[in-house]
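J.: File name coords-v2.txt; file contents compact mmCIF, C-alpha atoms and all ligand atoms; full text below.
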```
# COMPACT_ATOMS: atom_id res chain seq x y z
CA MET M 1 16.77 -10.20 10.55
CA GLU M 2 15.30 -9.65 7.10
CA ALA M 3 11.57 -10.04 6.55
CA THR M 4 9.86 -11.23 3.41
CA ALA M 5 7.55 -8.72 1.78
CA LEU M 6 3.95 -9.94 1.76
CA ASN M 7 2.41 -11.04 -1.50
CA ALA M 8 -0.90 -9.82 -2.84
CA GLY M 9 -3.98 -12.02 -2.81
CA SER M 10 -5.71 -12.70 0.43
CA ARG M 11 -3.13 -11.10 2.70
CA PRO M 12 -4.36 -8.79 5.44
CA ARG M 13 -4.54 -5.04 4.81
CA SER M 14 -4.06 -1.93 6.95
CA PRO M 15 -3.90 -1.58 9.86
CA GLU M 16 -2.22 -5.03 10.00
CA VAL M 17 -0.09 -4.27 6.94
CA LEU M 18 1.71 -1.17 5.66
CA ARG M 19 3.58 -0.51 2.46
CA THR M 20 6.98 1.10 2.62
CA SER M 21 9.52 2.08 -0.02
CA ASN M 22 12.36 -0.24 -0.95
CA ALA M 23 14.73 2.38 0.48
CA ALA M 24 12.91 2.27 3.83
CA ALA M 25 12.91 -1.53 3.80
CA LEU M 26 16.71 -1.44 3.39
CA SER M 27 17.14 1.13 6.13
CA LEU M 28 14.93 -0.84 8.50
CA ARG M 29 16.92 -4.00 7.65
CA LEU M 30 13.73 -5.61 6.39
CA ALA M 31 15.48 -6.21 3.08
CA ALA M 32 19.15 -6.79 2.22
CA GLY M 33 21.25 -4.46 0.10
CA ARG M 34 22.94 -1.08 0.01
CA PHE M 35 22.02 2.23 -1.46
CA TYR M 36 23.93 4.35 -3.98
CA ARG M 37 26.52 6.48 -2.12
CA ASP M 38 25.50 4.58 1.05
CA VAL M 39 22.56 6.90 1.66
CA GLU M 40 20.75 5.94 4.87
CA LEU M 41 17.24 7.15 5.64
CA GLY M 42 16.68 9.18 8.79
CA GLY M 43 12.93 8.90 8.53
CA ILE M 44 10.63 6.10 7.43
CA ASN M 45 7.55 6.68 5.29
CA VAL M 46 4.75 4.15 5.26
CA LEU M 47 1.64 4.03 3.13
CA LEU M 48 -1.74 2.65 4.12
CA ASP M 49 -2.58 -0.47 2.14
CA TYR M 50 -6.04 -1.36 0.81
CA GLU M 51 -7.21 -3.77 -1.80
CA ARG M 52 -8.84 -1.07 -3.90
CA GLY M 53 -6.27 1.55 -3.13
CA CYS M 54 -6.77 5.30 -3.33
CA HIS M 55 -10.11 6.68 -4.50
CA ALA M 56 -8.59 9.88 -5.91
CA ASN M 57 -7.23 10.21 -9.44
CA CYS M 58 -4.36 12.73 -9.53
CA ALA M 59 -2.84 13.09 -12.99
CA TYR M 60 0.75 12.57 -11.81
CA CYS M 61 0.28 9.86 -9.18
CA GLY M 62 1.12 6.20 -9.56
CA LEU M 63 -1.70 5.22 -7.22
CA ALA M 64 -4.39 7.06 -9.22
CA ARG M 65 -7.73 5.24 -9.41
CA GLU M 66 -7.89 5.21 -13.22
CA ARG M 67 -4.26 4.26 -13.79
CA ALA M 68 -4.15 0.78 -15.35
CA GLY M 69 -3.27 -2.19 -13.13
CA THR M 70 -4.21 -3.42 -9.69
CA TYR M 71 -3.33 -1.31 -6.67
CA GLU M 72 -0.85 -4.01 -5.77
CA ASP M 73 1.14 -3.48 -8.95
CA LYS M 74 1.04 0.28 -8.84
CA SER M 75 4.20 2.17 -8.02
CA PHE M 76 4.31 5.36 -5.99
CA ILE M 77 6.93 7.99 -6.84
CA ARG M 78 8.12 5.46 -9.45
CA VAL M 79 9.33 2.84 -7.01
CA ASP M 80 7.66 -0.28 -5.68
CA TRP M 81 6.28 -0.13 -2.21
CA PRO M 82 6.42 -3.67 -0.81
CA ALA M 83 4.03 -4.58 2.01
CA TYR M 84 5.16 -5.69 5.47
CA PRO M 85 3.34 -6.46 8.71
CA THR M 86 2.77 -3.23 10.64
CA ASP M 87 4.10 -4.70 13.88
CA ARG M 88 7.31 -5.82 12.17
CA ILE M 89 7.93 -2.30 10.83
CA ILE M 90 7.24 -0.82 14.26
CA GLU M 91 9.53 -3.34 15.93
CA GLN M 92 12.38 -2.43 13.57
CA MET M 93 11.74 1.28 14.14
CA ALA M 94 11.90 0.74 17.92
CA ARG M 95 15.13 -1.30 17.64
CA GLN M 96 16.79 1.42 15.60
CA ALA M 97 15.26 4.38 17.40
CA GLU M 98 18.64 6.07 17.83
CA ARG M 99 19.07 6.23 14.07
CA MET M 100 15.49 7.15 13.23
CA GLY M 101 14.32 10.74 13.32
CA ARG M 102 10.73 10.35 12.21
CA PHE M 103 7.93 7.97 11.19
CA CYS M 104 5.50 9.28 8.55
CA ILE M 105 2.14 7.70 7.81
CA SER M 106 0.90 8.54 4.30
CA GLN M 107 -2.84 8.37 4.08
CA VAL M 108 -4.89 7.55 0.98
CA VAL M 109 -8.47 8.56 0.24
CA HIS M 110 -10.31 5.53 1.59
CA PRO M 111 -13.13 5.04 4.14
CA ARG M 112 -10.89 3.14 6.59
CA THR M 113 -8.07 5.66 6.54
CA HIS M 114 -8.89 7.52 9.73
CA PRO M 115 -9.52 4.64 12.17
CA ASP M 116 -6.56 2.70 10.79
CA THR M 117 -4.25 5.71 11.12
CA LEU M 118 -5.25 6.05 14.77
CA GLU M 119 -4.63 2.37 15.41
CA ILE M 120 -1.17 2.52 13.81
CA ILE M 121 -0.28 5.62 15.84
CA ARG M 122 -1.42 3.85 19.02
CA ARG M 123 0.72 0.77 18.32
CA PHE M 124 3.72 2.90 17.36
CA ARG M 125 3.49 5.09 20.45
CA ALA M 126 3.30 2.01 22.67
CA ARG M 127 6.78 0.97 21.42
CA THR M 128 8.77 4.13 20.74
CA ASP M 129 8.67 7.90 21.10
CA THR M 130 10.16 8.71 17.67
CA PRO M 131 8.18 11.71 16.32
CA ILE M 132 5.29 10.93 14.00
CA SER M 133 4.14 12.89 10.94
CA VAL M 134 0.89 12.21 9.15
CA LEU M 135 0.89 13.05 5.46
CA CYS M 136 -2.82 13.48 5.46
CA ALA M 137 -5.67 12.93 3.01
CA PRO M 138 -7.87 16.03 3.53
CA PRO M 139 -11.06 14.49 2.01
CA VAL M 140 -11.33 12.06 4.94
CA LEU M 141 -10.47 14.58 7.68
CA ASN M 142 -12.04 17.28 9.80
CA ARG M 143 -11.14 19.30 12.89
CA GLU M 144 -12.10 16.53 15.31
CA ARG M 145 -9.99 13.92 13.55
CA LEU M 146 -6.97 16.22 13.42
CA GLN M 147 -7.36 16.83 17.14
CA GLN M 148 -7.43 13.06 17.69
CA TYR M 149 -4.08 12.76 15.91
CA LYS M 150 -2.64 15.51 18.06
CA ASP M 151 -3.96 13.87 21.25
CA ALA M 152 -2.57 10.50 20.14
CA GLY M 153 0.93 11.98 19.89
CA VAL M 154 1.36 13.10 16.27
CA ASP M 155 4.00 15.81 15.99
CA MET M 156 3.50 17.19 12.47
CA ILE M 157 0.87 17.26 9.74
CA GLY M 158 1.84 17.26 6.08
CA VAL M 159 -0.60 18.22 3.37
CA GLY M 160 0.13 17.12 -0.17
CA LEU M 161 -1.27 20.25 -1.72
CA ASP M 162 1.21 19.81 -4.61
CA ALA M 163 -0.33 22.58 -6.76
CA VAL M 164 -0.16 26.12 -5.41
CA THR M 165 -2.94 27.64 -7.51
CA GLU M 166 -6.56 26.57 -7.72
CA GLU M 167 -6.33 26.40 -11.50
CA THR M 168 -3.47 23.87 -11.47
CA PHE M 169 -5.08 21.95 -8.62
CA GLU M 170 -8.32 21.56 -10.59
CA ARG M 171 -6.44 20.58 -13.73
CA ARG M 172 -4.27 17.92 -12.11
CA ARG M 173 -6.31 16.70 -9.16
CA GLY M 174 -9.85 18.00 -9.35
CA ARG M 175 -12.63 18.24 -11.91
CA ALA M 176 -10.45 17.93 -15.03
CA VAL M 177 -9.30 14.42 -14.04
CA ARG M 178 -12.50 13.33 -12.23
CA GLY M 179 -10.35 13.26 -9.10
CA GLY M 180 -12.99 14.50 -6.71
CA LEU M 181 -10.48 16.50 -4.66
CA GLN M 182 -11.42 20.02 -3.62
CA TRP M 183 -9.07 22.97 -3.30
CA LYS M 184 -11.30 24.46 -0.56
CA LYS M 185 -11.18 21.29 1.50
CA TYR M 186 -7.40 21.17 1.28
CA TRP M 187 -7.18 24.73 2.59
CA GLU M 188 -9.66 24.02 5.36
CA ILE M 189 -7.41 21.19 6.56
CA ILE M 190 -4.22 23.25 6.23
CA LEU M 191 -5.70 26.06 8.34
CA ARG M 192 -7.26 23.72 10.93
CA SER M 193 -3.96 21.86 11.23
CA ARG M 194 -2.11 25.13 11.78
CA GLU M 195 -4.55 26.04 14.59
CA ILE M 196 -4.32 22.66 16.30
CA PHE M 197 -0.65 21.77 15.80
CA GLY M 198 0.85 25.27 16.07
CA PRO M 199 3.67 27.16 14.31
CA TRP M 200 6.11 25.17 12.16
CA LYS M 201 4.20 21.94 12.78
CA VAL M 202 2.37 21.91 9.45
CA ASN M 203 3.84 21.57 5.99
CA CYS M 204 2.53 21.75 2.45
CA HIS M 205 4.12 19.67 -0.27
CA VAL M 206 4.65 21.72 -3.43
CA VAL M 207 5.50 19.97 -6.69
CA VAL M 208 7.48 22.00 -9.23
CA GLY M 209 6.43 20.93 -12.72
CA LEU M 210 2.66 20.47 -12.46
CA GLY M 211 1.94 23.74 -14.27
CA ASP M 212 2.42 26.46 -11.66
CA ALA M 213 4.79 29.27 -12.63
CA ASP M 214 7.94 30.18 -10.69
CA ARG M 215 6.19 33.29 -9.43
CA ALA M 216 3.24 31.36 -7.99
CA ILE M 217 5.56 28.87 -6.26
CA LEU M 218 7.88 31.47 -4.75
CA GLU M 219 5.02 33.73 -3.66
CA PHE M 220 3.32 30.71 -2.09
CA SER M 221 6.44 29.81 -0.11
CA ALA M 222 6.74 33.41 1.13
CA ARG M 223 3.06 33.37 2.25
CA ALA M 224 3.50 30.00 3.96
CA ARG M 225 6.49 31.34 5.84
CA ARG M 226 4.48 34.28 7.12
CA ALA M 227 1.87 31.80 8.40
CA GLN M 228 4.66 29.70 10.02
CA ILE M 229 3.86 26.79 7.75
CA TYR M 230 6.64 24.96 5.89
CA ALA M 231 6.51 24.71 2.11
CA TYR M 232 8.43 21.61 1.03
CA LEU M 233 9.56 21.46 -2.59
CA PHE M 234 9.24 18.31 -4.67
CA CYS M 235 10.45 18.00 -8.25
CA PHE M 236 7.96 16.45 -10.67
CA PHE M 237 9.14 13.23 -12.29
CA PRO M 238 6.66 11.49 -14.60
CA GLU M 239 5.18 8.28 -13.23
CA PRO M 240 4.88 5.64 -16.00
CA GLY M 241 1.24 4.90 -16.81
CA SER M 242 -0.10 8.02 -15.11
CA ALA M 243 -2.00 10.71 -17.04
CA MET M 244 1.17 12.87 -16.92
CA ALA M 245 3.51 10.06 -18.00
CA GLY M 246 4.49 12.02 -21.12
CA ALA M 247 4.93 15.40 -19.40
CA ARG M 248 8.39 16.93 -19.14
CA ARG M 249 10.28 17.37 -15.91
CA PRO M 250 11.26 20.91 -14.94
CA SER M 251 14.77 21.60 -16.21
CA LEU M 252 17.59 21.27 -13.71
CA PHE M 253 18.29 24.97 -14.21
CA ARG M 254 14.72 25.96 -13.30
CA TRP M 255 14.67 23.62 -10.33
CA ARG M 256 18.01 24.84 -8.91
CA ARG M 257 16.97 28.47 -9.33
CA ILE M 258 13.72 27.89 -7.43
CA GLN M 259 15.60 26.02 -4.69
CA LEU M 260 18.04 28.91 -4.25
CA LEU M 261 15.45 31.71 -4.34
CA LYS M 262 13.06 29.91 -1.99
CA HIS M 263 15.90 29.39 0.46
CA LEU M 264 16.94 33.05 0.36
CA LEU M 265 13.32 34.23 0.74
CA GLU M 266 12.75 31.90 3.69
CA ALA M 267 15.95 33.02 5.37
CA GLY M 268 14.80 36.63 5.02
CA ASP M 269 17.94 37.35 2.96
CA ILE M 270 15.95 38.72 0.03
CA ARG M 271 12.44 40.16 -0.37
CA PRO M 272 9.87 39.14 -2.99
CA GLY M 273 10.47 42.53 -4.67
CA ASP M 274 14.09 41.51 -5.39
CA ILE M 275 12.85 39.00 -7.98
CA GLN M 276 11.53 40.01 -11.39
CA TYR M 277 9.46 37.75 -13.57
CA ASN M 278 8.62 37.60 -17.27
CA ARG M 279 5.04 37.58 -18.62
CA ARG M 280 4.71 33.85 -18.09
CA GLY M 281 5.73 34.16 -14.44
CA ALA M 282 9.21 32.65 -14.91
CA VAL M 283 12.09 34.25 -13.03
CA ALA M 284 13.79 36.78 -15.31
CA ARG M 285 16.24 38.39 -12.94
CA ALA M 286 17.03 38.63 -9.23
CA SER M 287 18.96 41.23 -7.35
CA ILE M 288 21.06 39.53 -4.63
CA PRO M 289 24.29 40.39 -2.79
CA ARG M 290 27.06 38.13 -4.09
CA ALA M 291 28.06 37.07 -0.58
CA LEU M 292 24.57 35.64 0.04
CA VAL M 293 24.63 33.58 -3.14
CA ASP M 294 28.11 32.26 -2.28
CA ARG M 295 27.08 31.43 1.27
CA ALA M 296 23.94 29.59 0.17
CA ILE M 297 25.93 27.47 -2.28
CA GLU M 298 28.69 26.84 0.25
CA ASP M 299 26.44 25.60 3.04
CA GLY M 300 24.36 23.55 0.58
CA ILE M 301 21.16 23.40 2.68
CA ALA M 302 19.13 25.10 -0.07
CA PHE M 303 19.74 22.12 -2.34
CA MET M 304 18.92 19.38 0.14
CA THR M 305 15.57 17.60 0.33
CA ASN M 306 12.85 19.64 2.01
CA GLY M 307 11.18 17.54 4.67
CA CYS M 308 10.13 17.17 8.28
CA PRO M 309 13.05 17.57 10.67
CA ASP M 310 14.75 15.25 13.09
CA GLN M 311 13.97 17.03 16.37
CA ARG M 312 17.30 16.07 17.87
CA THR M 313 19.48 17.67 15.20
CA GLY M 314 17.15 20.10 13.47
CA LEU M 315 18.31 18.57 10.16
CA VAL M 316 15.91 17.11 7.64
CA SER M 317 14.81 13.62 8.55
CA CYS M 318 12.61 12.82 5.54
CA THR M 319 15.23 12.72 2.79
CA ARG M 320 13.36 10.65 0.14
CA PRO M 321 16.44 9.71 -1.94
CA PHE M 322 15.74 9.14 -5.64
CA GLY M 323 12.19 10.45 -5.36
CA SER M 324 12.73 12.72 -8.36
CA TYR M 325 15.80 11.40 -10.17
CA ARG M 326 17.45 8.07 -10.89
CA PRO M 327 20.75 6.88 -9.40
CA GLY M 328 23.55 8.18 -11.61
CA GLU M 329 21.57 11.23 -12.78
CA PRO M 330 22.27 14.68 -11.34
CA TRP M 331 20.74 14.88 -7.88
CA ARG M 332 17.66 17.06 -7.73
CA ASP M 333 17.42 17.34 -3.95
CA TYR M 334 20.36 15.97 -2.01
CA PRO M 335 19.57 13.57 0.85
CA PHE M 336 22.80 14.71 2.56
CA VAL M 337 24.81 17.94 2.79
CA PRO M 338 26.29 18.36 -0.70
CA THR M 339 30.03 17.72 -0.92
CA ALA M 340 32.54 20.16 -2.48
CA ALA M 341 32.18 18.34 -5.83
CA ASP M 342 28.38 18.51 -5.55
CA ARG M 343 28.57 22.24 -4.81
CA THR M 344 30.72 22.84 -7.87
CA ALA M 345 28.06 21.07 -9.97
CA ILE M 346 25.29 23.09 -8.33
CA ARG M 347 27.03 26.39 -9.13
CA ARG M 348 27.40 25.33 -12.77
CA GLN M 349 23.75 24.22 -12.97
CA LEU M 350 22.55 27.57 -11.57
CA ARG M 351 24.04 29.56 -14.50
CA LEU M 352 24.08 32.59 -12.23
CA ASP M 353 25.47 34.97 -14.85
CA ARG M 354 22.26 34.61 -16.86
CA TRP M 355 19.86 35.91 -14.23
CA VAL M 356 21.52 37.20 -11.05
CA HIS M 357 22.27 40.89 -10.74
CA TYR M 358 24.79 41.25 -7.89
CA ARG M 359 24.16 44.26 -5.71
S1 LIG Y 1 8.00 15.85 4.46
FE1 LIG Y 1 8.21 13.62 4.64
S2 LIG Y 1 7.84 13.18 6.82
FE2 LIG Y 1 7.05 15.23 6.42
S3 LIG Y 1 4.89 14.93 5.94
FE3 LIG Y 1 6.00 14.99 3.99
S4 LIG Y 1 6.43 12.83 3.52
FE4 LIG Y 1 5.90 12.95 5.71
```
Here is the file; what I need is its structure written in the form of structure tokens.

T.:
Amino acid sequence: MEATALNAGSRPRSPEVLRTSNAAALSLRLAAGRFYRDVELGGINVLLDYERGCHANCAYCGLARERAGTYEDKSFIRVDWPAYPTDRIIEQMARQAERMGRFCISQVVHPRTHPDTLEIIRRFRARTDTPISVLCAPPVLNRERLQQYKDAGVDMIGVGLDAVTEETFERRRGRAVRGGLQWKKYWEIILRSREIFGPWKVNCHVVVGLGDADRAILEFSARARRAQIYAYLFCFFPEPGSAMAGARRPSLFRWRRIQLLKHLLEAGDIRPGDIQYNRRGAVARASIPRALVDRAIEDGIAFMTNGCPDQRTGLVSCTRPFGSYRPGEPWRDYPFVPTAADRTAIRRQLRLDRWVHYR
């Protein structure tokens, strides 16, 4: 049965209430409607909900402290996140457990974040054993708190590092925007999480389009792989009203090329030395066997959303449809295995003859 989203005003906040995307509300049958190309979500993302919202001020984020408007009216990845009672969301997750691969709690920088996260995990675990990810807010965490998540049954930790160099991090999230976030603290939490949660149980979100060059992004993903940490690509899409509202998205060509090269590096099919860059750190040329390029395009995985897996299938569970493109636009990351028509479009978008040297 559908549920009505809660209005602002004097309604309760987390842990009694969580915000979730419209897509998740549809998938959980909390709201009526269908999605473009009948996309169904395999994982549900929820966001902690506080009256004064997030205390950080990232230049590209809809929830940024200094972005105009009340927290209630602020969008996150350009879509509204209606609020629902936590227990109602958990009940719907439990009812549809067979269809659901993962539950992800997105933290915000707020003093109540840690105790409320623990309470939500406890309630969720009491109803269903669907794996839990916490997309964490490093400023409010430490080793002990991470261990508490592990002990409470959290399966994976995500860190929204977003920028892969300290310079870009400071410019978009740190001192330059009075954001208060610290590169060192983010790395402390990534490394502690890796110790506590183990190999392939930690991921870093990486946003293409914040200012880091192709070289920095691809070298970061190769380093993360060596540390058995996932690097999940996100494609920047300007959030109206944010400090980066007027910034340009990465071109589809650049995005596809990074998707393909990251995939081949992670699969061990090519080495970092097979890629050459220009002075600005953009890919200039790559030396790749033709069969590997054809195989990567044919199986399509390289062009799907990067996200935490559904343990049962090994396929991505967190598909975030329309997180970085609008319905009707070319897909940036596909929330399903691309069809033959999609793969034809991908090959065209890659413009392989301009930069691939077949060996
Ligand atoms: S990839 Fe998705 S499920 Fe995993 S931590 Fe990030 S937002 Fe959460």

J.: Could you give me, as a PyMOL selection string, every polymer residue with an atom at most 9 Å away from an atom of ligand LIG 1 (chain Y), counting only C-alpha atoms and all ligand atoms?

T.: chain M and resi 43-46+102-106+132-136+156-160+202-205+232+305-309+316-320

J.: Wanna dump the range 176-280 of chain M-range 322-330 of chain M contacts at 12 Å for me, each residue with its shortest atom pair and the distance in Å to one decimal, counting only C-alpha atoms, ordered by chain and number, as a tab-separated table?

T.:
```
residue	atom	partner	partner_atom	distance
M:Val207	CA	M:Ser324	CA	10.4
M:Val208	CA	M:Ser324	CA	10.7
M:Gly209	CA	M:Ser324	CA	11.2
M:Leu233	CA	M:Ser324	CA	10.9
M:Phe234	CA	M:Ser324	CA	7.6
M:Cys235	CA	M:Ser324	CA	5.8
M:Phe236	CA	M:Ser324	CA	6.5
M:Phe237	CA	M:Ser324	CA	5.3
M:Pro238	CA	M:Ser324	CA	8.8
M:Glu239	CA	M:Ser324	CA	10.0
M:Arg249	CA	M:Ser324	CA	9.2
M:Pro250	CA	M:Ser324	CA	10.6
M:Ser251	CA	M:Pro330	CA	11.3
M:Leu252	CA	M:Pro330	CA	8.4
M:Phe253	CA	M:Pro330	CA	11.4
M:Trp255	CA	M:Ser324	CA	11.2
M:Arg256	CA	M:Pro330	CA	11.3
```

J.: Please indicate the distance in Å from CA of Ser27 in chain M to CA of Glu91 in chain M, rounded to one decimal place.

T.: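 Taking CA of Ser27 in chain M and CA of Glu91 in chain M, their separation equals 13.2 Å.
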
J.: Report the distance between CA of Pro82 in chain M and CA of Val17 in chain M in Å, rounded to one decimal place.

T.: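 Calculated distance between CA of Pro82 in chain M and CA of Val17 in chain M is 10.1 Å.
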
J.: Just the residues within 8 Å of Gln92 in chain M, please, counting all atoms listed in the file, with nothing from its chain fewer than 2 positions along; format it as a list in words.

T.: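 Near Gln92 in chain M, the qualifying residues are Leu28, Arg29, Leu30, Arg88, Ile89, Ile90, Ala94, Arg95 and Gln96 of chain M.
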
J.: For Ala302 in chain M, list every protein, DNA or RNA residue within 7 Å, evaluated using only C-alpha atoms, and leave out those in the same chain fewer than 4 positions away; present the list as a list of chain:residue names.

T.: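 The filter keeps M:Gln259, M:Leu260, M:His263, M:Ala296.
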